[in-house]
Structure formats: structure tokens, C-alpha cells
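So this one's my_file.cif, mmCIF, C-alpha atoms and all ligand atoms:
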data_protein
loop_
_atom_site.label_atom_id
_atom_site.label_comp_id
_atom_site.auth_asym_id
_atom_site.auth_seq_id
_atom_site.Cartn_x
_atom_site.Cartn_y
_atom_site.Cartn_z
CA MET A 82 127.71 107.68 96.64
CA SER A 83 127.30 111.23 95.42
CA GLU A 84 127.84 114.49 97.32
CA SER A 85 127.04 114.83 101.04
CA GLU A 86 123.61 115.86 102.27
CA ALA A 87 122.97 118.08 105.31
CA ILE A 88 120.89 116.36 107.97
CA CYS A 89 119.25 117.55 111.16
CA LEU A 90 118.43 114.96 113.83
CA VAL A 91 115.48 115.67 116.12
CA GLY A 92 116.19 113.86 119.40
CA TRP A 93 119.54 112.69 120.71
CA GLY A 94 118.53 109.45 122.35
CA ALA A 95 119.13 105.75 121.70
CA ILE A 96 118.08 105.71 118.05
CA ASN A 97 119.59 108.93 116.72
CA GLN A 98 122.87 108.40 118.61
CA ARG A 99 123.09 104.95 117.02
CA VAL A 100 122.27 106.41 113.58
CA ALA A 101 125.05 108.99 113.93
CA ALA A 102 127.53 106.34 115.14
CA LEU A 103 126.68 103.98 112.26
CA LEU A 104 126.99 106.74 109.63
CA ALA A 105 130.37 107.73 111.09
CA GLU A 106 131.60 104.11 111.33
CA ARG A 107 130.59 103.47 107.74
CA GLY A 108 132.22 106.68 106.49
CA SER A 109 128.92 107.69 104.90
CA PRO A 110 129.13 111.10 103.22
CA PHE A 111 126.49 112.89 105.25
CA ASP A 112 126.83 115.99 107.36
CA ILE A 113 124.84 116.07 110.57
CA VAL A 114 124.58 119.85 110.73
CA ALA A 115 122.24 120.12 113.73
CA VAL A 116 120.68 118.12 116.54
CA ALA A 117 117.41 119.25 118.14
CA VAL A 118 117.13 118.61 121.87
CA ARG A 119 114.80 119.87 124.56
CA ASP A 120 117.53 121.36 126.75
CA PRO A 121 120.34 122.86 124.66
CA ALA A 122 122.06 124.16 127.82
CA ARG A 123 122.86 120.60 128.93
CA GLU A 124 126.44 119.58 128.07
CA ARG A 125 126.73 116.78 125.52
CA ASP A 126 130.23 115.71 124.60
CA ASP A 127 129.21 113.00 122.13
CA LEU A 128 127.61 115.17 119.44
CA PRO A 129 128.59 114.67 115.78
CA LEU A 130 131.52 116.87 114.83
CA GLY A 131 130.31 120.29 113.68
CA ALA A 132 126.67 119.73 114.67
CA ARG A 133 125.00 122.63 116.44
CA LEU A 134 122.34 122.19 119.08
CA ILE A 135 118.92 123.65 118.45
CA SER A 136 115.73 123.32 120.46
CA GLN A 137 112.86 124.94 118.59
CA PRO A 138 111.17 123.90 115.34
CA GLY A 139 111.67 127.50 114.19
CA ASP A 140 115.44 126.98 114.40
CA LEU A 141 115.38 124.36 111.62
CA ALA A 142 115.25 126.75 108.66
CA ALA A 143 118.64 128.29 109.45
CA THR A 144 120.45 124.91 109.73
CA GLY A 145 120.65 124.39 105.97
CA ALA A 146 119.47 120.79 106.36
CA THR A 147 117.67 119.12 103.48
CA LEU A 148 116.57 116.11 105.53
CA VAL A 149 115.23 116.11 109.09
CA VAL A 150 115.16 112.78 110.95
CA GLU A 151 112.89 112.61 113.99
CA ALA A 152 113.56 110.06 116.76
CA ALA A 153 112.46 112.04 119.80
CA GLY A 154 108.88 111.43 120.80
CA ARG A 155 105.26 111.68 119.73
CA SER A 156 104.82 115.34 120.71
CA SER A 157 107.79 116.44 118.59
CA VAL A 158 106.40 115.09 115.30
CA LEU A 159 103.82 117.73 114.36
CA PRO A 160 105.82 120.88 115.30
CA PHE A 161 109.10 119.68 113.79
CA GLY A 162 107.36 118.09 110.79
CA ARG A 163 105.48 121.30 110.04
CA ALA A 164 108.60 123.44 110.34
CA ALA A 165 110.78 121.09 108.29
CA LEU A 166 108.33 120.65 105.42
CA ALA A 167 107.46 124.36 105.37
CA ALA A 168 111.19 125.12 105.11
CA GLY A 169 111.56 122.83 102.09
CA MET A 170 113.14 119.88 103.92
CA ASP A 171 112.08 116.22 103.80
CA PHE A 172 110.92 114.89 107.16
CA ALA A 173 111.42 111.29 108.32
CA VAL A 174 109.31 110.11 111.27
CA SER A 175 110.15 107.48 113.90
CA SER A 176 107.50 108.34 116.49
CA THR A 177 104.82 107.20 114.09
CA SER A 178 102.23 106.88 116.87
CA ALA A 179 101.74 110.63 116.25
CA LEU A 180 100.32 109.77 112.81
CA VAL A 181 97.14 108.20 114.25
CA ASP A 182 95.99 111.83 114.45
CA THR A 183 94.32 112.05 111.05
CA ALA A 184 94.33 115.86 110.99
CA ALA A 185 98.07 115.98 111.79
CA LEU A 186 98.87 113.37 109.14
CA SER A 187 96.78 115.17 106.50
CA GLU A 188 98.41 118.49 107.35
CA LEU A 189 101.93 117.06 107.01
CA ILE A 190 101.10 115.32 103.73
CA ALA A 191 99.56 118.54 102.35
CA LEU A 192 102.63 120.55 103.38
CA ALA A 193 104.91 118.00 101.72
CA GLU A 194 102.89 118.03 98.51
CA THR A 195 102.65 121.82 98.36
CA GLY A 196 106.38 122.22 98.84
CA GLY A 197 107.41 119.33 96.61
CA ARG A 198 109.00 117.59 99.61
CA GLN A 199 108.35 114.20 101.25
CA LEU A 200 107.03 112.94 104.56
CA LEU A 201 109.07 109.76 104.95
CA VAL A 202 108.07 106.78 107.10
CA PRO A 203 111.02 104.39 107.32
CA PRO A 204 110.11 100.79 108.26
CA GLY A 205 111.31 101.42 111.82
CA ALA A 206 111.81 98.15 113.66
CA LEU A 207 110.09 96.27 110.83
CA GLY A 208 110.94 94.54 107.60
CA GLY A 209 108.58 93.52 104.85
CA VAL A 210 106.70 96.83 104.84
CA ASP A 211 107.43 97.07 101.11
CA ALA A 212 105.58 93.79 100.48
CA LEU A 213 102.62 94.84 102.63
CA ALA A 214 102.41 98.25 100.92
CA ALA A 215 102.60 96.56 97.51
CA ALA A 216 99.93 94.03 98.53
CA SER A 217 97.61 96.87 99.59
CA ARG A 218 97.31 97.93 95.95
CA LEU A 219 94.88 95.01 95.74
CA ASN A 220 92.25 94.20 98.36
CA LEU A 221 93.60 93.24 101.82
CA THR A 222 91.15 91.38 104.03
CA ASP A 223 93.08 91.05 107.30
CA VAL A 224 96.28 92.36 108.90
CA GLU A 225 97.49 91.32 112.33
CA HIS A 226 100.61 92.55 114.13
CA ARG A 227 101.90 90.81 117.28
CA ILE A 228 104.66 92.49 119.30
CA VAL A 229 106.55 90.20 121.69
CA LYS A 230 109.12 91.79 124.00
CA PRO A 231 110.86 90.90 127.25
CA PRO A 232 109.19 92.30 130.40
CA ARG A 233 111.88 94.98 130.81
CA ALA A 234 110.81 96.54 127.49
CA TRP A 235 107.29 97.03 128.89
CA ARG A 236 108.42 98.70 132.12
CA GLY A 237 107.29 102.30 132.49
CA THR A 238 104.32 101.68 130.17
CA ALA A 239 100.61 100.96 130.66
CA ALA A 240 101.52 97.25 130.68
CA GLU A 241 102.42 97.69 134.35
CA THR A 242 98.80 98.43 135.14
CA LEU A 243 97.58 95.38 133.20
CA CYS A 244 99.88 92.68 134.57
CA ASP A 245 102.64 91.98 137.08
CA LEU A 246 105.67 92.04 134.79
CA ASP A 247 108.02 90.72 137.50
CA ALA A 248 105.87 87.65 138.25
CA LEU A 249 105.53 86.32 134.68
CA GLN A 250 106.35 82.60 134.26
CA ALA A 251 105.11 82.33 130.67
CA PRO A 252 104.33 84.68 127.76
CA LEU A 253 101.33 86.87 128.55
CA SER A 254 99.17 88.67 126.03
CA PHE A 255 98.11 91.76 127.98
CA PHE A 256 96.57 93.84 125.18
CA GLN A 257 94.50 93.15 122.09
CA GLY A 258 92.95 95.93 120.08
CA SER A 259 93.29 98.14 117.04
CA ALA A 260 96.57 99.74 115.98
CA ARG A 261 95.05 103.10 116.90
CA GLU A 262 94.41 101.94 120.48
CA ALA A 263 97.84 100.31 120.71
CA ALA A 264 99.62 103.47 119.51
CA ASP A 265 97.62 105.70 121.85
CA ARG A 266 98.16 103.51 124.92
CA PHE A 267 101.73 102.31 124.18
CA PRO A 268 103.41 105.14 122.23
CA GLN A 269 106.91 103.96 123.22
CA ASN A 270 106.40 100.41 121.92
CA ALA A 271 103.70 100.37 119.25
CA ASN A 272 104.93 102.89 116.66
CA VAL A 273 105.45 99.89 114.40
CA ALA A 274 101.74 99.10 114.46
CA VAL A 275 101.07 102.46 112.82
CA ILE A 276 103.64 101.69 110.12
CA THR A 277 101.94 98.35 109.43
CA SER A 278 98.62 100.21 109.31
CA LEU A 279 99.79 102.93 106.94
CA ALA A 280 101.22 100.26 104.64
CA GLY A 281 98.13 98.04 104.90
CA ILE A 282 94.51 98.62 105.93
CA GLY A 283 94.67 101.55 108.33
CA VAL A 284 94.84 102.05 112.09
CA ASP A 285 91.27 100.97 112.84
CA ARG A 286 91.26 97.65 110.94
CA THR A 287 94.79 96.48 111.85
CA ARG A 288 94.62 94.11 114.83
CA VAL A 289 97.42 94.34 117.40
CA THR A 290 98.42 91.95 120.19
CA LEU A 291 101.06 92.93 122.75
CA ILE A 292 102.90 90.18 124.62
CA ALA A 293 105.43 90.17 127.47
CA ASP A 294 107.59 87.04 127.36
CA PRO A 295 109.91 86.35 130.31
CA GLU A 296 112.05 84.02 128.15
CA ALA A 297 112.46 86.54 125.31
CA ARG A 298 115.78 88.33 124.87
CA LEU A 299 114.90 90.04 121.58
CA ASN A 300 112.05 92.30 120.41
CA ALA A 301 109.89 90.29 118.02
CA HIS A 302 107.43 91.49 115.40
CA GLU A 303 105.07 89.02 113.77
CA ILE A 304 102.93 90.27 110.92
CA ARG A 305 100.29 88.26 109.12
CA ALA A 306 98.37 89.71 106.20
CA GLU A 307 95.86 88.13 103.83
CA GLY A 308 94.36 89.48 100.67
CA ASP A 309 94.02 89.13 96.93
CA PHE A 310 97.82 89.02 96.59
CA GLY A 311 98.06 85.88 98.76
CA LEU A 312 99.42 85.46 102.30
CA LEU A 313 102.26 87.30 104.05
CA GLU A 314 103.81 86.01 107.26
CA ILE A 315 106.84 87.74 108.70
CA ARG A 316 108.65 87.17 111.98
CA LEU A 317 111.55 89.45 112.88
CA GLN A 318 113.58 89.22 116.06
CA ASN A 319 115.49 92.43 116.73
CA ARG A 320 118.29 93.08 119.15
CA PRO A 321 117.26 95.90 121.51
CA LEU A 322 119.42 99.03 121.53
CA ALA A 323 121.89 99.11 124.43
CA THR A 324 120.57 102.38 125.80
CA ASN A 325 116.83 101.75 125.36
CA PRO A 326 115.47 98.17 125.61
CA LYS A 327 112.12 99.30 124.17
CA SER A 328 113.72 100.27 120.84
CA SER A 329 115.34 97.90 118.37
CA GLU A 330 118.64 98.10 116.51
CA MET A 331 116.67 97.62 113.27
CA THR A 332 115.04 101.05 113.70
CA ALA A 333 118.43 102.76 113.55
CA LEU A 334 119.54 100.51 110.68
CA ASN A 335 116.45 101.39 108.64
CA ILE A 336 117.17 105.11 109.13
CA VAL A 337 120.77 104.59 108.02
CA ARG A 338 119.44 102.75 104.97
CA LEU A 339 117.02 105.60 104.19
CA ILE A 340 119.80 108.19 104.50
CA GLU A 341 122.36 106.25 102.46
CA ASN A 342 119.80 105.48 99.76
CA ARG A 343 119.33 109.20 99.15
CA ALA A 344 122.79 109.38 97.65
CA ALA A 345 123.15 105.86 96.28
CA GLY A 346 123.24 104.90 92.62
CA LEU A 347 121.74 101.52 93.52
CA VAL A 348 118.74 101.82 95.85
CA LEU A 349 117.79 98.81 97.98
N1 LIG A 401 109.22 103.56 114.23
C1 LIG A 401 109.66 102.56 115.02
O1 LIG A 401 109.67 101.39 114.63
C2 LIG A 401 110.19 102.89 116.35
C3 LIG A 401 109.99 104.12 116.91
N2 LIG A 401 110.50 104.42 118.14
C4 LIG A 401 110.22 105.74 118.68
O2 LIG A 401 111.30 106.62 118.31
C5 LIG A 401 111.45 107.63 119.29
C6 LIG A 401 112.90 107.68 119.79
O3 LIG A 401 113.23 106.44 120.37
P1 LIG A 401 114.56 106.29 121.25
O4 LIG A 401 115.68 106.96 120.61
O5 LIG A 401 114.66 104.85 121.57
O6 LIG A 401 114.10 107.06 122.56
P2 LIG A 401 115.02 107.72 123.69
O7 LIG A 401 114.11 107.95 124.84
O8 LIG A 401 116.27 106.95 123.87
O9 LIG A 401 115.42 109.10 123.05
C7 LIG A 401 114.51 110.11 122.75
C8 LIG A 401 115.24 111.41 122.92
O10 LIG A 401 114.45 112.44 122.38
C9 LIG A 401 114.55 113.58 123.23
N3 LIG A 401 113.31 114.33 123.08
C10 LIG A 401 112.08 114.05 123.50
N4 LIG A 401 111.21 114.98 123.08
C11 LIG A 401 111.92 115.87 122.35
C12 LIG A 401 111.61 117.07 121.65
N5 LIG A 401 110.36 117.54 121.63
N6 LIG A 401 112.60 117.72 121.00
C13 LIG A 401 113.85 117.25 121.01
N7 LIG A 401 114.22 116.13 121.68
C14 LIG A 401 113.27 115.46 122.33
C15 LIG A 401 114.80 113.04 124.64
O11 LIG A 401 115.72 113.88 125.26
P3 LIG A 401 115.50 114.61 126.64
O12 LIG A 401 114.58 113.76 127.46
O13 LIG A 401 116.89 114.73 127.17
O14 LIG A 401 114.93 115.91 126.24
C16 LIG A 401 115.53 111.73 124.37
O15 LIG A 401 116.93 111.86 124.46
C17 LIG A 401 110.44 107.30 120.41
O16 LIG A 401 109.25 108.03 120.22
C18 LIG A 401 110.19 105.83 120.20
O17 LIG A 401 108.94 105.43 120.72
C19 LIG A 401 111.25 103.52 118.81
C20 LIG A 401 111.50 102.28 118.28
C21 LIG A 401 110.94 101.85 117.04
O1 LIG A 402 111.75 98.87 118.40
C1 LIG A 402 110.74 98.15 118.37
O2 LIG A 402 110.78 96.92 118.46
C2 LIG A 402 109.40 98.76 118.16
C3 LIG A 402 109.07 99.87 119.02
O3 LIG A 402 109.63 100.09 120.07
C4 LIG A 402 107.97 100.74 118.58
O4 LIG A 402 107.35 100.46 117.59
O5 LIG A 402 107.74 101.76 119.24
#
Since I need it in another form, could you write the structure as C-alpha cells?
Ligand SMILES: NC(=O)C1=CN([C@@H]2O[C@H](COP(=O)(O)OP(=O)(O)OC[C@H]3O[C@@H](n4cnc5c(N)ncnc54)[C@H](OP(=O)(O)O)[C@@H]3O)[C@@H](O)[C@H]2O)C=CC1
Ligand SMILES: O=C([O-])CC(=O)C(=O)O
Amino acid sequence: MSESEAICLVGWGAINQRVAALLAERGSPFDIVAVAVRDPARERDDLPLGARLISQPGDLAATGATLVVEAAGRSSVLPFGRAALAAGMDFAVSSTSALVDTAALSELIALAETGGRQLLVPPGALGGVDALAAASRLNLTDVEHRIVKPPRAWRGTAAETLCDLDALQAPLSFFQGSAREAADRFPQNANVAVITSLAGIGVDRTRVTLIADPEARLNAHEIRAEGDFGLLEIRLQNRPLATNPKSSEMTALNIVRLIENRAAGLVL
């Protein structure tokens, strides 16, 4: 790999802590120069060596980062995305539910284009997004995304108002609707549906089913797409992250892949 790149992480939760740990373990030549958190006064003894804490989007410009990686939450995407792209940094989004807001998405894309930078959407907890995005160059007629997670991954979400998660004896489909509805109602679990939508036929035509399965131990994503290219069927079963059962290990791995690819001679 070539010379190191300066990175700012927005959010210091399950995903970004795992990203930092994986980069360090792998000896990847990247400098995490800053971490954006909501409360910089709170002590954190596990920060990457040399990283400074910031809290405001306006603090980004002085960090010297060239890539900003968001894994914080939906409300952080627009302010940090705006600030990063306006400061000439690329911006990678994890809380993709924020991108159902068409005006916000258009604004970020326009900022990226004006500044010659990129708004990056890594595959998150998914795989096969490349094939879906390629397939969308021809006509796609149908895209469905089913998300199957153990009940504990749905705790603290609107699923609790739709079913009794503790009483489940068999898999229960508690939501069916568009990717837009799924992302708006389940922003902690349905970011992936927006990624599928952006790669495929958009947030209003992508059909989403959410399932709580008492036998499941892993977070599963099943995508089925049909179109002029043929038929795509993908089923991924991801290990949840130790510190957040809603989020999958694959999300951190895909960010590590994005980061390492920026300096790699061979890009995969
Ligand atoms: N694209 C995808 O496929 C996936 C996306 N996600 C999404 O990625 C995001 C991160 O997930 P995960 O790491 O598991 O979540 P966590 O809850 O573990 O961590 C999020 C962290 O972000 C911090 N935070 C929240 N808002 C802000 C803000 N405005 N500025 C700075 N920090 C902030 C919180 O810190 P504190 O509360 O201390 O301020 C918290 O530590 C979530 O939105 C999640 O829904 C998750 C899985 C897959
Ligand atoms: O990690 C996952 O399996 C997906 C997820 O939480 C999301 O899309 O928000």
C-alpha cells in the first residue's frame, strides 16, 4: 500500500471502534487523526493513538483529514457530510437511512461534485451491492430485501410496538413496506434497505420485509432482484458486533475494505 491517509471517524460506537481495531490489528497505514463524538468532555481511554476528539462539524476542516467515515447516527449525516465535502474531504456514510431525504442526498451529491470529492456509500452489512448496481444499468423490474434478526436486535425499536418479542416461538414478519418506510421507522436496523435501493430501483419501489426469528443467532440479509440482466438471489448471515447486536461485523469489514482500497494497487 502507498502512503498513509488521514481519516476522521464520526461516532465512536460499535462500528467505528471495530474499524479502528481492525486497521490497527492489520497494520494498515492509515492515521486516524480525529474522532467526532457528542460529548468530548467524557473520558475515553480507548481512542486511536494521536487522535483528537472533536464534536462539531465545523471542527473537521482543521483536522487535516482527507476521508471522513460516519458511523454515528442518522442526524449526524447531513451536518458532518456538508462540512466534510465543503472542506474538500470524501465522506463515507453508514447511517444511510438519512439518505431517504431526497433534498439532503441531492445537496451532498452536489457538494461532492462541485468540490471534486466523493460521497461514498460502502455496502454496510451487505454483499452483492456491486452486482445489483451493475444490473440497474439495464431495466430492473423487482427488488426485495428481507432482514431477519434475533429478537434482541429489534429491542428498543418500533418492533416492540408491533409484536411481543419475548413471546416469539417462530419467525415473525412484523413489517412489510417500502425501503423508505423501513428506513424511517427502523433507522437502527434498515440502513441496508437504503443501500439496496440506491443500488437498484429506489426507496419507493424496493420492497422490505422485517423478521424477528427466535432461533436466529446471526443477522441475515436476503436480497432478490429481477430484471433484464437475469435473477440475483443473495443470502448473507452476519455475526453481530459484540457491543451492538443490531449492527453486523460485515459493516465494519466493508469500511475497512473501503479504507484499505484507497491506498491499494489492487482494488477488490
Ligand atoms: N450501513 C449499514 O449497513 C449499517 C449501518 N448502521 C448504522 O451505523 C450507525 C452506527 O452504528 P453503531 O456503531 O452500531 O452504533 P452505536 O450506537 O454503537 O454507536 C454510535 C455512536 O455514535 C455516537 N453518536 C451519535 N450521534 C452522534 C453525533 N451526532 N456526533 C458524534 N457521535 C454521535 C454515539 O455516541 P454517544 O451516544 O456517546 O454520543 C455512539 O457511540 C448507526 O446509525 C447504525 O444504525 C449499523 C449497521 C449497519
Ligand atoms: O448490521 C446490519 O445487519 C444491518 C443494520 O443494522 C442496518 O442496516 O441498520
Taking a cut-off of 9 Å and counting all atoms listed in the file, can you build a table that, for each residue of chain A near ligand LIG 402 (chain A), reports the nearest atom pair and how far apart they are in Å (one decimal), sorted by chain then residue number, as JSON lines?
{"residue": "A:Ser175", "atom": "CA", "partner": "A:LIG402", "partner_atom": "O5", "distance": 8.2}
{"residue": "A:Ser176", "atom": "CA", "partner": "A:LIG402", "partner_atom": "O5", "distance": 7.1}
{"residue": "A:Thr177", "atom": "CA", "partner": "A:LIG402", "partner_atom": "O4", "distance": 8.0}
{"residue": "A:Ser178", "atom": "CA", "partner": "A:LIG402", "partner_atom": "O5", "distance": 7.9}
{"residue": "A:Gly205", "atom": "CA", "partner": "A:LIG402", "partner_atom": "O4", "distance": 7.1}
{"residue": "A:Ala206", "atom": "CA", "partner": "A:LIG402", "partner_atom": "O1", "distance": 4.8}
{"residue": "A:Leu207", "atom": "CA", "partner": "A:LIG402", "partner_atom": "O2", "distance": 7.7}
{"residue": "A:Ile228", "atom": "CA", "partner": "A:LIG402", "partner_atom": "O2", "distance": 7.6}
{"residue": "A:Val229", "atom": "CA", "partner": "A:LIG402", "partner_atom": "O2", "distance": 8.6}
{"residue": "A:Lys230", "atom": "CA", "partner": "A:LIG402", "partner_atom": "O2", "distance": 7.7}
{"residue": "A:Ala234", "atom": "CA", "partner": "A:LIG402", "partner_atom": "O3", "distance": 8.3}
{"residue": "A:Ala264", "atom": "CA", "partner": "A:LIG402", "partner_atom": "O5", "distance": 8.3}
{"residue": "A:Phe267", "atom": "CA", "partner": "A:LIG402", "partner_atom": "O5", "distance": 7.8}
{"residue": "A:Pro268", "atom": "CA", "partner": "A:LIG402", "partner_atom": "O5", "distance": 6.3}
{"residue": "A:Gln269", "atom": "CA", "partner": "A:LIG402", "partner_atom": "O5", "distance": 4.6}
{"residue": "A:Asn270", "atom": "CA", "partner": "A:LIG402", "partner_atom": "O5", "distance": 3.3}
{"residue": "A:Ala271", "atom": "CA", "partner": "A:LIG402", "partner_atom": "O4", "distance": 4.0}
{"residue": "A:Asn272", "atom": "CA", "partner": "A:LIG402", "partner_atom": "O4", "distance": 3.6}
{"residue": "A:Val273", "atom": "CA", "partner": "A:LIG402", "partner_atom": "O4", "distance": 3.8}
{"residue": "A:Ala274", "atom": "CA", "partner": "A:LIG402", "partner_atom": "O4", "distance": 6.6}
{"residue": "A:Val275", "atom": "CA", "partner": "A:LIG402", "partner_atom": "O4", "distance": 8.1}
{"residue": "A:Ile276", "atom": "CA", "partner": "A:LIG402", "partner_atom": "O4", "distance": 8.4}
{"residue": "A:Leu299", "atom": "CA", "partner": "A:LIG402", "partner_atom": "O2", "distance": 8.6}
{"residue": "A:Asn300", "atom": "CA", "partner": "A:LIG402", "partner_atom": "O2", "distance": 5.2}
{"residue": "A:Ala301", "atom": "CA", "partner": "A:LIG402", "partner_atom": "O2", "distance": 6.7}
{"residue": "A:His302", "atom": "CA", "partner": "A:LIG402", "partner_atom": "O2", "distance": 7.1}
{"residue": "A:Gln318", "atom": "CA", "partner": "A:LIG402", "partner_atom": "O2", "distance": 8.5}
{"residue": "A:Asn319", "atom": "CA", "partner": "A:LIG402", "partner_atom": "O2", "distance": 6.7}
{"residue": "A:Arg320", "atom": "CA", "partner": "A:LIG402", "partner_atom": "O2", "distance": 8.5}
{"residue": "A:Pro321", "atom": "CA", "partner": "A:LIG402", "partner_atom": "O1", "distance": 7.0}
{"residue": "A:Leu322", "atom": "CA", "partner": "A:LIG402", "partner_atom": "O1", "distance": 8.3}
{"residue": "A:Pro326", "atom": "CA", "partner": "A:LIG402", "partner_atom": "O1", "distance": 8.1}
{"residue": "A:Lys327", "atom": "CA", "partner": "A:LIG402", "partner_atom": "O3", "distance": 4.9}
{"residue": "A:Ser328", "atom": "CA", "partner": "A:LIG402", "partner_atom": "O1", "distance": 3.4}
{"residue": "A:Ser329", "atom": "CA", "partner": "A:LIG402", "partner_atom": "O1", "distance": 3.7}
{"residue": "A:Glu330", "atom": "CA", "partner": "A:LIG402", "partner_atom": "O1", "distance": 7.2}
{"residue": "A:Met331", "atom": "CA", "partner": "A:LIG402", "partner_atom": "O1", "distance": 7.2}
{"residue": "A:Thr332", "atom": "CA", "partner": "A:LIG402", "partner_atom": "O1", "distance": 6.1}
Around ligand LIG 401 (chain A), fit a box with edges along x, y and z, padding it by 4 Å on each side, then list its centre and edge lengths in Å to one decimal as lines of an AutoDock Vina configuration file.
center_x = 112.9
center_y = 109.6
center_z = 120.8
size_x = 16.0
size_y = 24.3
size_z = 21.2
Closest to ligand LIG 401 (chain A) among A:Ala293, A:Ile135, A:Leu243, A:Leu141, using only C-alpha atoms and all ligand atoms?
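Closest to ligand LIG 401 (chain A), using only C-alpha atoms and all ligand atoms: A:Ile135.
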With distances taken over only C-alpha atoms and all ligand atoms, which of A:Arg155, A:Arg133, A:Arg99, A:Arg125 is nearest to ligand LIG 401 (chain A)?
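Checking each candidate against ligand LIG 401 (chain A), we get A:Arg155 as the closest.
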So what do you get for atom CA of Leu192 of chain A versus atom CA of Gly145 of chain A, distance-wise?
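Interatomic distance, atom CA of Leu192 of chain A to atom CA of Gly145 of chain A: 18.6 Å.
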Do you have the atom CA of Leu90 of chain A-atom C2 of ligand LIG 401 (chain A) distance handy?
14.8 Å
Gly281 of chain A surroundings by all atoms listed in the file, 10 Å radius, close-in-sequence under 2 positions cut, as a VMD selection string
chain A and resid 210 212 to 218 220 to 224 275 to 279 283 to 284 286 to 287 306
Can you tell me which residues surround Glu188 of chain A at a distance of at most 12 Å, considering all atoms listed in the file, apart from same-chain residues fewer than 3 positions away, and format the answer as a ChimeraX atom specification?
/A:158-160,162-164,166-167,180,182-185,191-195,200
What does the structure give for the distance between atom C13 of ligand LIG 401 (chain A) and atom CA of Ala132 of chain A, in Å to one decimal?
14.5 Å
Here is a test: counting only C-alpha atoms and all ligand atoms, which residue of A:Pro138, A:Gly108, A:Gly197, A:Pro129 is nearest to ligand LIG 401 (chain A)?
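Answer, going by the shortest atom-to-atom distance: A:Pro138.
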Contacts of Ala248 of chain A at 12 Å (all atoms listed in the file; same-chain gap of 6+ positions) as a PyMOL selection string
chain A and resi 232+241+293-295
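Nearest residue to ligand LIG 401 (chain A), choosing from A:Ile96, A:Leu130, A:Cys89, A:Leu104 and counting all atoms listed in the file: A:Ile96.
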Residues near Gln98 of chain A, cut-off 12 Å, all atoms listed in the file, skip fewer than 6 positions along chain, as a ChimeraX atom specification:
/A:90-92,104-105,113,116,125-129,150-153,322-325,330,332-334,336-337
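Nearest to ligand LIG 401 (chain A) of all the residues A:Ser136, A:Asn342, A:Gln199, A:Thr238 is A:Ser136, counting all atoms listed in the file.
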Of the candidates A:Phe111, A:Phe161, A:Trp93, A:Phe310, which one gets nearest to ligand LIG 401 (chain A) if we count all atoms listed in the file?
A:Trp93
So which residues fall inside 9 Å of (92.4, 95.8, 120.0) if we count only C-alpha atoms? Mind giving them as JSON, numbers by chain?
{"A": [256, 257, 258, 259, 260, 261, 262, 263, 285, 287, 288, 289, 290]}
Export C-alpha atoms of the chosen residues as a PDB file, keeping the file's coordinate frame?
ATOM      1  CA  PHE A 256      96.570  93.840 125.180  1.00  0.00           C
ATOM      2  CA  GLN A 257      94.500  93.150 122.090  1.00  0.00           C
ATOM      3  CA  GLY A 258      92.950  95.930 120.080  1.00  0.00           C
ATOM      4  CA  SER A 259      93.290  98.140 117.040  1.00  0.00           C
ATOM      5  CA  ALA A 260      96.570  99.740 115.980  1.00  0.00           C
ATOM      6  CA  ARG A 261      95.050 103.100 116.900  1.00  0.00           C
ATOM      7  CA  GLU A 262      94.410 101.940 120.480  1.00  0.00           C
ATOM      8  CA  ALA A 263      97.840 100.310 120.710  1.00  0.00           C
ATOM      9  CA  ASP A 285      91.270 100.970 112.840  1.00  0.00           C
ATOM     10  CA  THR A 287      94.790  96.480 111.850  1.00  0.00           C
ATOM     11  CA  ARG A 288      94.620  94.110 114.830  1.00  0.00           C
ATOM     12  CA  VAL A 289      97.420  94.340 117.400  1.00  0.00           C
ATOM     13  CA  THR A 290      98.420  91.950 120.190  1.00  0.00           C
TER      14      THR A 290
END
